[in-house]
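K.L.:
Sharing work_38.txt (compact mmCIF, C-alpha atoms and all ligand atoms) below.
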# COMPACT_ATOMS: atom_id res chain seq x y z
CA MET A 254 17.35 -10.80 -20.37
CA ALA A 255 17.09 -12.03 -16.82
CA ALA A 256 13.93 -13.85 -15.88
CA PHE A 257 12.25 -12.79 -12.65
CA ASN A 258 9.93 -14.99 -10.65
CA GLU A 259 6.64 -13.39 -9.81
CA LEU A 260 7.04 -11.65 -6.46
CA VAL A 261 4.48 -9.31 -4.93
CA PHE A 262 5.43 -6.49 -2.55
CA SER A 263 3.27 -3.84 -0.97
CA GLY A 264 3.36 -1.53 2.01
CA VAL A 265 0.96 0.26 4.33
CA GLN A 266 1.92 3.21 6.53
CA PRO A 267 1.30 2.89 10.28
CA THR A 268 -0.08 6.40 10.65
CA GLY A 269 -3.36 5.52 12.40
CA ASN A 270 -7.06 5.48 11.54
CA LEU A 271 -7.06 2.50 9.16
CA HIS A 272 -10.33 2.71 7.24
CA LEU A 273 -12.48 1.06 4.63
CA GLY A 274 -10.39 2.60 1.85
CA ASN A 275 -7.25 0.90 3.19
CA TYR A 276 -9.14 -2.38 3.49
CA LEU A 277 -10.81 -2.43 0.06
CA GLY A 278 -8.06 -0.65 -1.85
CA ALA A 279 -5.12 -2.51 -0.32
CA ILE A 280 -5.47 -5.18 2.37
CA LYS A 281 -8.32 -7.14 0.76
CA ARG A 282 -6.36 -7.21 -2.50
CA PHE A 283 -3.24 -8.40 -0.64
CA VAL A 284 -5.25 -11.41 0.53
CA GLU A 285 -6.37 -12.13 -3.04
CA MET A 286 -2.79 -11.91 -4.33
CA GLN A 287 -1.67 -14.30 -1.60
CA GLU A 288 -4.11 -16.91 -2.96
CA ARG A 289 -2.63 -16.57 -6.45
CA ASN A 290 1.10 -15.95 -6.09
CA ALA A 291 4.27 -17.77 -5.20
CA GLN A 292 5.58 -15.17 -2.79
CA CYS A 293 4.03 -12.04 -1.29
CA LEU A 294 5.69 -9.58 1.08
CA TYR A 295 3.52 -7.17 3.05
CA CYS A 296 5.39 -4.47 4.87
CA VAL A 297 4.36 -2.02 7.58
CA VAL A 298 6.37 0.97 6.39
CA ASP A 299 7.41 2.65 9.63
CA LEU A 300 10.41 4.41 8.03
CA HIS A 301 7.95 6.11 5.69
CA ALA A 302 5.65 7.01 8.58
CA ILE A 303 8.27 9.20 10.27
CA THR A 304 8.62 11.44 7.21
CA LEU A 305 5.89 13.29 9.11
CA TRP A 306 6.38 13.51 12.89
CA GLN A 307 4.80 10.62 14.82
CA ASP A 308 4.29 10.33 18.52
CA PRO A 309 6.59 7.43 19.48
CA GLN A 310 4.13 5.64 21.77
CA ALA A 311 1.35 5.99 19.23
CA LEU A 312 3.60 4.81 16.38
CA ARG A 313 4.42 1.58 18.21
CA GLY A 314 0.71 0.91 18.67
CA GLN A 315 -0.07 1.73 15.04
CA ILE A 316 2.62 -0.65 13.73
CA ARG A 317 1.00 -3.44 15.73
CA GLU A 318 -2.48 -2.35 14.66
CA VAL A 319 -1.67 -2.48 10.93
CA THR A 320 -0.12 -5.91 11.48
CA ALA A 321 -3.26 -7.02 13.30
CA ALA A 322 -5.40 -5.73 10.41
CA PHE A 323 -3.32 -7.72 7.92
CA LEU A 324 -3.74 -10.91 9.93
CA ALA A 325 -7.42 -10.32 10.75
CA ALA A 326 -8.22 -9.74 7.08
CA GLY A 327 -6.75 -13.10 6.14
CA ILE A 328 -3.09 -12.57 5.35
CA ASP A 329 -1.42 -15.78 6.46
CA PRO A 330 1.98 -14.94 7.99
CA LYS A 331 3.27 -18.41 7.12
CA ARG A 332 2.56 -18.12 3.41
CA SER A 333 3.15 -14.38 3.07
CA ILE A 334 5.99 -12.45 4.70
CA VAL A 335 4.59 -9.85 7.11
CA PHE A 336 7.08 -7.46 8.68
CA ASN A 337 7.91 -3.88 9.54
CA GLN A 338 10.38 -2.01 7.40
CA SER A 339 12.74 -0.76 10.13
CA GLN A 340 13.65 -4.34 11.13
CA VAL A 341 15.22 -4.98 7.72
CA PRO A 342 18.22 -2.65 7.31
CA GLN A 343 18.53 -3.29 3.56
CA HIS A 344 15.62 -0.89 2.84
CA ALA A 345 17.51 2.15 4.12
CA GLU A 346 20.80 0.92 2.71
CA LEU A 347 19.46 0.46 -0.81
CA ALA A 348 17.64 3.79 -0.55
CA TRP A 349 21.02 5.52 -0.14
CA ILE A 350 22.40 3.89 -3.28
CA PHE A 351 19.22 4.85 -5.14
CA ASN A 352 19.63 8.43 -3.88
CA CYS A 353 22.70 8.46 -6.07
CA VAL A 354 20.78 7.06 -9.06
CA ALA A 355 17.58 9.13 -8.90
CA ARG A 356 17.75 12.71 -10.22
CA LEU A 357 16.55 15.86 -8.46
CA GLY A 358 14.42 16.65 -11.48
CA TRP A 359 12.54 13.38 -11.10
CA LEU A 360 11.71 14.02 -7.45
CA ASN A 361 10.73 17.62 -8.15
CA ARG A 362 7.84 16.29 -10.23
CA MET A 363 6.30 14.18 -7.43
CA THR A 364 2.82 15.51 -6.76
CA GLN A 365 2.41 13.75 -3.40
CA PHE A 366 5.37 15.67 -1.97
CA LYS A 367 3.84 18.93 -3.13
CA ASP A 368 0.51 17.99 -1.51
CA LYS A 369 2.02 16.81 1.77
CA ALA A 370 4.57 19.60 2.10
CA GLY A 371 1.91 22.22 1.40
CA LYS A 372 2.89 25.87 1.33
CA ASP A 373 5.72 25.61 3.83
CA ARG A 374 8.05 23.52 1.69
CA GLU A 375 11.22 24.85 3.36
CA ASN A 376 10.05 23.23 6.57
CA ALA A 377 9.29 19.75 5.15
CA SER A 378 11.65 16.96 6.19
CA ILE A 379 14.22 15.74 3.69
CA GLY A 380 12.73 12.29 4.33
CA LEU A 381 9.39 13.47 2.96
CA TYR A 382 11.12 14.61 -0.22
CA ASP A 383 13.06 11.35 -0.47
CA TYR A 384 10.01 9.19 0.31
CA PRO A 385 9.62 7.83 -3.25
CA VAL A 386 13.27 6.72 -3.37
CA LEU A 387 12.81 4.70 -0.18
CA MET A 388 9.68 3.22 -1.73
CA ALA A 389 11.69 2.13 -4.78
CA ALA A 390 14.20 0.52 -2.40
CA ASP A 391 11.38 -1.33 -0.59
CA ILE A 392 10.24 -2.86 -3.84
CA LEU A 393 13.58 -3.51 -5.49
CA ALA A 394 15.37 -4.93 -2.43
CA TYR A 395 13.23 -7.99 -3.22
CA ARG A 396 13.30 -7.43 -6.97
CA ALA A 397 9.49 -7.49 -6.78
CA THR A 398 7.69 -7.83 -10.10
CA HIS A 399 4.18 -6.78 -9.01
CA VAL A 400 3.00 -4.10 -6.61
CA PRO A 401 -0.68 -3.68 -5.71
CA VAL A 402 -1.20 0.00 -4.87
CA GLY A 403 -3.82 2.72 -4.96
CA GLU A 404 -4.20 5.11 -7.87
CA ASP A 405 -2.38 7.79 -5.83
CA GLN A 406 0.85 5.74 -5.86
CA LYS A 407 1.07 5.42 -9.62
CA GLN A 408 3.64 8.18 -9.99
CA HIS A 409 5.83 6.62 -7.30
CA LEU A 410 5.74 3.30 -9.17
CA GLU A 411 6.82 5.09 -12.34
CA LEU A 412 9.76 6.53 -10.43
CA THR A 413 10.62 3.02 -9.20
CA ARG A 414 10.69 1.83 -12.82
CA ASP A 415 12.89 4.80 -13.81
CA ILE A 416 15.35 4.03 -11.01
CA ALA A 417 15.49 0.32 -11.95
CA GLN A 418 16.06 1.22 -15.58
CA LYS A 419 18.76 3.78 -14.85
CA PHE A 420 20.57 1.41 -12.50
CA ASN A 421 20.41 -1.37 -15.12
CA ASN A 422 21.82 1.05 -17.73
CA ASP A 423 24.40 2.88 -15.62
CA PHE A 424 25.90 -0.39 -14.36
CA GLY A 425 25.14 -2.51 -17.42
CA SER A 426 28.59 -3.91 -18.00
CA SER A 427 29.23 -4.57 -14.30
CA ILE A 428 25.84 -6.32 -14.07
CA GLN A 429 26.84 -8.56 -16.96
CA ALA A 430 30.34 -9.12 -15.58
CA HIS A 431 28.80 -10.35 -12.34
CA GLY A 432 26.68 -12.84 -14.23
CA HIS A 433 23.25 -11.24 -13.85
CA GLY A 434 22.39 -10.99 -17.54
CA GLU A 435 21.27 -7.60 -18.84
CA GLN A 436 18.82 -6.54 -16.19
CA PHE A 437 19.55 -6.68 -12.51
CA PHE A 438 16.32 -5.03 -11.39
CA PRO A 439 12.96 -5.92 -12.92
CA ILE A 440 10.72 -3.20 -14.34
CA THR A 441 7.98 -3.57 -11.73
CA GLU A 442 4.31 -3.65 -12.76
CA PRO A 443 1.86 -1.65 -10.66
CA LEU A 444 -1.47 -3.41 -10.06
CA ILE A 445 -4.06 -0.67 -9.81
CA GLY A 446 -7.79 -1.08 -10.15
CA GLY A 447 -10.83 -3.01 -9.04
CA PRO A 448 -14.13 -1.41 -8.08
CA ALA A 449 -12.52 0.16 -5.01
CA ALA A 450 -9.41 1.68 -6.54
CA ARG A 451 -10.70 4.87 -4.95
CA VAL A 452 -13.02 4.75 -1.96
CA MET A 453 -14.44 8.21 -1.43
CA SER A 454 -15.59 10.07 1.69
CA LEU A 455 -19.09 9.19 2.91
CA ARG A 456 -19.72 12.94 3.37
CA ASP A 457 -18.42 14.10 -0.02
CA GLY A 458 -18.17 11.73 -2.98
CA THR A 459 -15.58 13.92 -4.69
CA LYS A 460 -13.00 13.59 -1.89
CA LYS A 461 -10.99 10.47 -1.07
CA MET A 462 -11.82 8.66 2.15
CA SER A 463 -9.01 9.85 4.39
CA LYS A 464 -7.57 9.19 7.82
CA SER A 465 -7.15 12.91 8.32
CA ASP A 466 -10.70 14.07 7.50
CA PRO A 467 -11.96 15.85 10.64
CA SER A 468 -15.39 14.17 10.31
CA GLU A 469 -15.59 10.64 11.74
CA TYR A 470 -18.65 10.20 9.55
CA SER A 471 -16.54 10.55 6.41
CA ARG A 472 -14.96 7.13 6.91
CA ILE A 473 -15.62 3.66 8.27
CA ALA A 474 -12.70 2.85 10.54
CA LEU A 475 -11.50 -0.75 10.79
CA THR A 476 -11.88 -0.31 14.54
CA ASP A 477 -15.61 0.57 14.21
CA ASP A 478 -18.02 -1.95 15.69
CA ALA A 479 -21.29 -3.05 14.05
CA ASP A 480 -23.32 -0.14 15.48
CA ALA A 481 -20.84 2.49 14.32
CA ILE A 482 -20.66 0.95 10.83
CA ALA A 483 -24.46 0.88 10.54
CA GLN A 484 -24.81 4.47 11.73
CA LYS A 485 -22.20 5.79 9.31
CA VAL A 486 -23.69 4.03 6.29
CA ARG A 487 -27.18 5.26 7.22
CA LYS A 488 -25.90 8.83 7.47
CA ALA A 489 -23.82 8.65 4.28
CA LYS A 490 -24.59 11.48 1.88
CA THR A 491 -26.72 10.53 -1.14
CA ASP A 492 -28.77 12.28 -3.79
CA PRO A 493 -32.56 12.08 -4.11
CA GLU A 494 -32.66 9.89 -7.26
CA ALA A 495 -33.18 6.13 -7.44
CA LEU A 496 -30.19 4.02 -8.47
CA PRO A 497 -29.75 3.76 -12.25
CA SER A 498 -29.82 0.40 -14.01
CA GLU A 499 -26.64 1.10 -16.01
CA VAL A 500 -23.18 2.20 -14.80
CA GLU A 501 -23.31 5.25 -17.13
CA GLY A 502 -26.16 6.54 -14.97
CA LEU A 503 -23.72 6.94 -12.06
CA LYS A 504 -21.82 9.68 -13.92
CA GLY A 505 -22.16 13.02 -12.18
CA ARG A 506 -23.50 11.27 -9.06
CA PRO A 507 -20.31 10.86 -6.97
CA GLU A 508 -22.01 9.72 -3.75
CA ALA A 509 -24.18 7.13 -5.51
CA ASP A 510 -21.17 5.91 -7.47
CA ASN A 511 -19.13 5.59 -4.28
CA LEU A 512 -21.74 3.57 -2.37
CA VAL A 513 -22.31 1.26 -5.35
CA GLY A 514 -18.51 0.87 -5.67
CA ILE A 515 -18.17 0.02 -1.98
CA PHE A 516 -20.97 -2.54 -2.25
CA ALA A 517 -19.30 -4.10 -5.30
CA ALA A 518 -15.86 -4.26 -3.68
CA LEU A 519 -17.19 -5.75 -0.43
CA ARG A 520 -19.03 -8.43 -2.39
CA GLY A 521 -16.23 -8.99 -4.89
CA ILE A 522 -18.48 -8.17 -7.87
CA THR A 523 -18.67 -5.32 -10.40
CA ARG A 524 -20.75 -2.15 -10.30
CA GLU A 525 -22.75 -3.61 -13.23
CA ASP A 526 -23.67 -6.62 -11.10
CA VAL A 527 -24.80 -4.39 -8.23
CA LEU A 528 -27.03 -2.36 -10.55
CA LYS A 529 -28.56 -5.54 -11.98
CA ASP A 530 -29.97 -6.15 -8.50
CA PHE A 531 -30.53 -2.57 -7.34
CA GLY A 532 -31.23 -0.57 -10.51
CA GLY A 533 -34.39 1.45 -9.83
CA ALA A 534 -34.07 1.00 -6.05
CA GLN A 535 -34.19 3.98 -3.70
CA PHE A 536 -31.38 4.56 -1.21
CA SER A 537 -33.92 3.73 1.49
CA SER A 538 -33.69 0.10 0.37
CA PHE A 539 -30.10 0.06 -0.90
CA LYS A 540 -28.56 1.45 2.28
CA PRO A 541 -29.90 -1.29 4.60
CA ALA A 542 -28.49 -3.90 2.21
CA LEU A 543 -25.13 -2.09 2.29
CA VAL A 544 -25.26 -1.93 6.10
CA ASP A 545 -25.82 -5.69 6.29
CA LEU A 546 -23.02 -6.42 3.85
CA ALA A 547 -20.57 -4.02 5.52
CA VAL A 548 -21.29 -5.34 9.00
CA GLU A 549 -21.13 -8.94 7.85
CA THR A 550 -17.71 -8.35 6.27
CA LEU A 551 -16.09 -5.90 8.67
CA ALA A 552 -17.39 -6.91 12.11
CA PRO A 553 -15.45 -10.21 12.19
CA ILE A 554 -12.27 -8.41 11.06
CA ASN A 555 -12.83 -5.81 13.75
CA ALA A 556 -13.31 -8.48 16.42
CA GLU A 557 -10.20 -10.38 15.35
CA MET A 558 -8.13 -7.16 15.29
CA LYS A 559 -9.20 -6.45 18.89
CA ARG A 560 -8.18 -9.94 19.93
CA LEU A 561 -4.78 -9.66 18.23
CA VAL A 562 -3.95 -6.17 19.49
CA ALA A 563 -4.57 -7.43 23.04
CA ASP A 564 -1.59 -9.79 22.55
CA PRO A 565 1.32 -7.59 21.41
CA ALA A 566 3.87 -10.33 22.15
CA HIS A 567 2.26 -12.50 19.49
CA ILE A 568 2.24 -9.65 16.96
CA ASP A 569 5.88 -8.86 17.71
CA ALA A 570 6.82 -12.51 17.16
CA VAL A 571 5.06 -12.50 13.78
CA LEU A 572 6.95 -9.33 12.79
CA ALA A 573 10.31 -10.72 13.94
CA ASP A 574 9.78 -13.93 11.97
CA GLY A 575 8.71 -11.95 8.90
CA ALA A 576 11.72 -9.64 9.18
CA ALA A 577 14.14 -12.57 9.30
CA ARG A 578 12.56 -14.11 6.19
CA ALA A 579 12.49 -10.75 4.39
CA GLU A 580 16.14 -10.13 5.20
CA ALA A 581 17.05 -13.56 3.81
CA ILE A 582 15.80 -12.29 0.43
CA ALA A 583 17.03 -8.69 0.65
CA ALA A 584 20.56 -9.37 1.95
CA PRO A 585 21.74 -11.25 -1.17
CA THR A 586 20.26 -8.47 -3.33
CA LEU A 587 22.31 -5.89 -1.42
CA ASP A 588 25.45 -8.02 -1.64
CA ALA A 589 25.00 -8.20 -5.41
CA VAL A 590 24.29 -4.44 -5.63
CA LYS A 591 27.47 -3.67 -3.68
CA ASP A 592 29.51 -5.86 -6.02
CA ILE A 593 27.88 -4.26 -9.06
CA VAL A 594 28.50 -0.72 -7.79
CA GLY A 595 32.12 -1.52 -6.94
CA PHE A 596 32.17 -1.56 -3.15
CA VAL A 597 34.50 -3.81 -1.21
CA ARG A 598 32.48 -5.79 1.28
CA ARG A 599 32.93 -8.45 3.92
CA GLY A 600 32.71 -11.98 2.57
CA PRO A 601 33.53 -13.12 -0.95
CA ALA A 602 32.19 -11.19 -3.92
CA LEU A 603 29.45 -13.17 -5.66
CA ARG A 604 31.80 -13.44 -8.58
CA ALA A 605 35.26 -11.90 -8.53
CA VAL A 606 36.08 -9.57 -11.43
N1 LIG A 701 3.52 4.96 -0.29
C1 LIG A 701 2.62 3.87 -0.04
C2 LIG A 701 1.28 4.44 0.40
O1 LIG A 701 1.24 5.46 1.06
C3 LIG A 701 3.16 2.93 1.01
C4 LIG A 701 4.38 2.22 0.52
C5 LIG A 701 5.66 2.38 0.97
C6 LIG A 701 4.42 1.24 -0.48
N2 LIG A 701 6.48 1.55 0.31
C7 LIG A 701 5.77 0.83 -0.59
C8 LIG A 701 3.44 0.67 -1.31
C9 LIG A 701 6.18 -0.12 -1.52
C10 LIG A 701 3.84 -0.29 -2.23
C11 LIG A 701 5.20 -0.67 -2.34
O2 LIG A 701 0.27 3.85 0.13
Rewrite the structure from the file as structure tokens, please.
P.N.:
Amino acid sequence: MAAFNELVFSGVQPTGNLHLGNYLGAIKRFVEMQERNAQCLYCVVDLHAITLWQDPQALRGQIREVTAAFLAAGIDPKRSIVFNQSQVPQHAELAWIFNCVARLGWLNRMTQFKDKAGKDRENASIGLYDYPVLMAADILAYRATHVPVGEDQKQHLELTRDIAQKFNNDFGSSIQAHGHGEQFFPITEPLIGGPAARVMSLRDGTKKMSKSDPSEYSRIALTDDADAIAQKVRKAKTDPEALPSEVEGLKGRPEADNLVGIFAALRGITREDVLKDFGGAQFSSFKPALVDLAVETLAPINAEMKRLVADPAHIDAVLADGAARAEAIAAPTLDAVKDIVGFVRRGPALRAV
């Protein structure tokens, strides 16, 4: 069995309207992983973004904006590798090889494709269908062992594991012959959870907070200033009851559960802890506390994002540096994969057989 060093990879799509769900469910956790792990790679997945049509000018801005959000939230581009996917050609290259490993039947089960393609499936791009294979390539180009993702990406992570396993099996003897032990790709662990695994809409606690919800009041955008944040929290939908003192009391109260979950995630505590302080409180006293906490946490990130976005040359330099460092890890993986698969490539094979 090959041993794999702990390596964290995750990606965020540059499709606009970054919101509190992206921050609590992804970016804030990326910062926590950075404090704990040897190597983290955080990727702005622009190749994934164009599976649905993007306005080119807007896309460029959104790539820089996601990068700015990463940096403003505390991702350190010296310790972590921050880059955009299209600058590292190994993602697309490995995706092609995985296209020949993954089975149609596996992709036909992907629920996100069904949701995104909607009724008019004939008119969906082939890229949208192939999206999960590219995602597997993102992760496995670095042989990443851990991937922090939202609940909605669980099925894609399972597909990644299936692809790794099938590659390891299909090419088992070649993998061994090239001196990689029994497993070339690790079986990646998804890291899903925390109080904000799902941040819900502020207008409807049964729907996920979403960039595409027509109501601005459904989400707190990372570009919202203090006034906008305060207004949205004050207007958030609630029910007429006081907060319960136990977590069980949040069952069947989606809006209350969501606001308590947001409070917990912003503070870095559990729902239980929040209810220890606020059990029995009315929303009229809980909401102002949530406003203060949200503004205190998000306003500095918002201000720093504004500062960074005003200097695109700096952002582009961070992305170029990250891409070079990412490629230094991914290129040897692809060389090894080509040898394992049986391609003839430029330069010496890692081990001639
Ligand atoms: N599909 C992910 C999402 O929409 C984004 C993503 C692309 C990703 N490649 C990845 C996440 C690799 C983790 C690892 O959230």
K.L.:
So, with only C-alpha atoms and all ligand atoms as the atoms that count, which of A:Val284, A:Leu271, A:Val341, A:Leu410 lies closest to ligand LIG 701 (chain A)?
P.N.:
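Nearest to ligand LIG 701 (chain A): A:Leu410.
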K.L.:
Would you list the residues that come within 9 Å of ligand LIG 701 (chain A)? Count only C-alpha atoms and all ligand atoms and give the answer as a PyMOL selection string.
P.N.:
chain A and resi 262-266+275+279+295-302+338+384-385+387-392+400-403+405-406+409-410+443
K.L.:
Residues near A:Ser498, anyone? I mean within 12 Å using all atoms listed in the file, not counting same-chain ones fewer than 5 positions away, as a ChimeraX atom specification.
P.N.:
/A:503,513,524-535
K.L.:
So that I can see what lies close to A:Gln292, please list as a list in words the residues with an atom at most 8 Å from it, counting all atoms listed in the file and leaving out residues fewer than 6 positions away in the same chain.
P.N.:
Glu259, Leu260, Val261, Arg332, Ser333 and Ile334 of chain A
K.L.:
Go ahead and compute the interatomic distance for atom CA of A:Gly425 and atom CA of A:Met363, in Å to one decimal.
P.N.:
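If I compute the distance from atom CA of A:Gly425 to atom CA of A:Met363, I get 27.1 Å.
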K.L.:
How many Å separate atom CA of A:Ile440 from atom CA of A:Pro330?
P.N.:
26.7 Å
K.L.:
Just give me the gap between atom CA of A:Ala345 and atom CA of A:Ala326 in Å, one decimal is fine.
P.N.:
28.5 Å
K.L.:
Write out as a PyMOL selection string which residues come within 12 Å of A:Phe536 when counting all atoms listed in the file, dropping same-chain ones fewer than 5 positions away.
P.N.:
chain A and resi 486-497+508-509+512-513+531+541-544
K.L.:
Out of A:Ser465, A:Thr586, A:Thr476, A:Asn352, which residue has the shortest atom-to-atom distance to A:Val562 when counting all atoms listed in the file?
P.N.:
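The closest residue to A:Val562 is A:Thr476.
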K.L.:
Identify the residues within 9 Å of coordinate (11.2, -10.6, -11.0) (same frame as the file), considering all atoms listed in the file, and give the answer as a list in words.
P.N.:
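Counting all atoms listed in the file, I find these residues within 9 Å of (11.2, -10.6, -11.0): Ala255, Ala256, Phe257, Asn258, Glu259, Leu260, Tyr395, Arg396, Ala397, Thr398, His399, Phe438, Pro439, Ile440 and Thr441 of chain A.
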K.L.:
Scan for residues within 10 Å of the point (-17.5, 8.4, 1.6) in the coordinates of the file, using only C-alpha atoms, and reply as a compact mmCIF listing (two decimals) with C-alpha atoms, in the coordinates of the input.
P.N.:
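This is the output file result29.txt:
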# COMPACT_ATOMS: atom_id res chain seq x y z
CA LEU A 273 -12.48 1.06 4.63
CA GLY A 274 -10.39 2.60 1.85
CA VAL A 452 -13.02 4.75 -1.96
CA MET A 453 -14.44 8.21 -1.43
CA SER A 454 -15.59 10.07 1.69
CA LEU A 455 -19.09 9.19 2.91
CA ARG A 456 -19.72 12.94 3.37
CA ASP A 457 -18.42 14.10 -0.02
CA GLY A 458 -18.17 11.73 -2.98
CA THR A 459 -15.58 13.92 -4.69
CA LYS A 460 -13.00 13.59 -1.89
CA LYS A 461 -10.99 10.47 -1.07
CA MET A 462 -11.82 8.66 2.15
CA SER A 463 -9.01 9.85 4.39
CA TYR A 470 -18.65 10.20 9.55
CA SER A 471 -16.54 10.55 6.41
CA ARG A 472 -14.96 7.13 6.91
CA ILE A 473 -15.62 3.66 8.27
CA LYS A 485 -22.20 5.79 9.31
CA VAL A 486 -23.69 4.03 6.29
CA ALA A 489 -23.82 8.65 4.28
CA LYS A 490 -24.59 11.48 1.88
CA THR A 491 -26.72 10.53 -1.14
CA PRO A 507 -20.31 10.86 -6.97
CA GLU A 508 -22.01 9.72 -3.75
CA ALA A 509 -24.18 7.13 -5.51
CA ASN A 511 -19.13 5.59 -4.28
CA LEU A 512 -21.74 3.57 -2.37
CA ILE A 515 -18.17 0.02 -1.98
K.L.:
Of the residues A:Val335, A:Ile593, A:Leu587, A:Ala325, which is the one nearest to A:Asp574, using all atoms listed in the file?
P.N.:
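Distance minimum relative to A:Asp574 lands on A:Val335.
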K.L.:
For stretch 271-286 of chain A, take all atoms listed in the file, fit an axis-aligned box around them, add 6 Å to each of the six sides, then output centre and edge lengths in Å rounded to one decimal, as JSON.
P.N.:
{"center_x": -7.6, "center_y": -4.7, "center_z": 2.4, "size_x": 21.7, "size_y": 26.8, "size_z": 25.5}
K.L.:
Identify, on the basis of all atoms listed in the file, every residue whose closest approach to stretch 315-322 of chain A does not exceed 7 Å; exclude the query and any residue fewer than 2 positions from it along the same chain; express the result as a VMD selection string.
P.N.:
chain A and resid 267 to 269 297 311 to 313 324 to 326 558 561 to 562 568
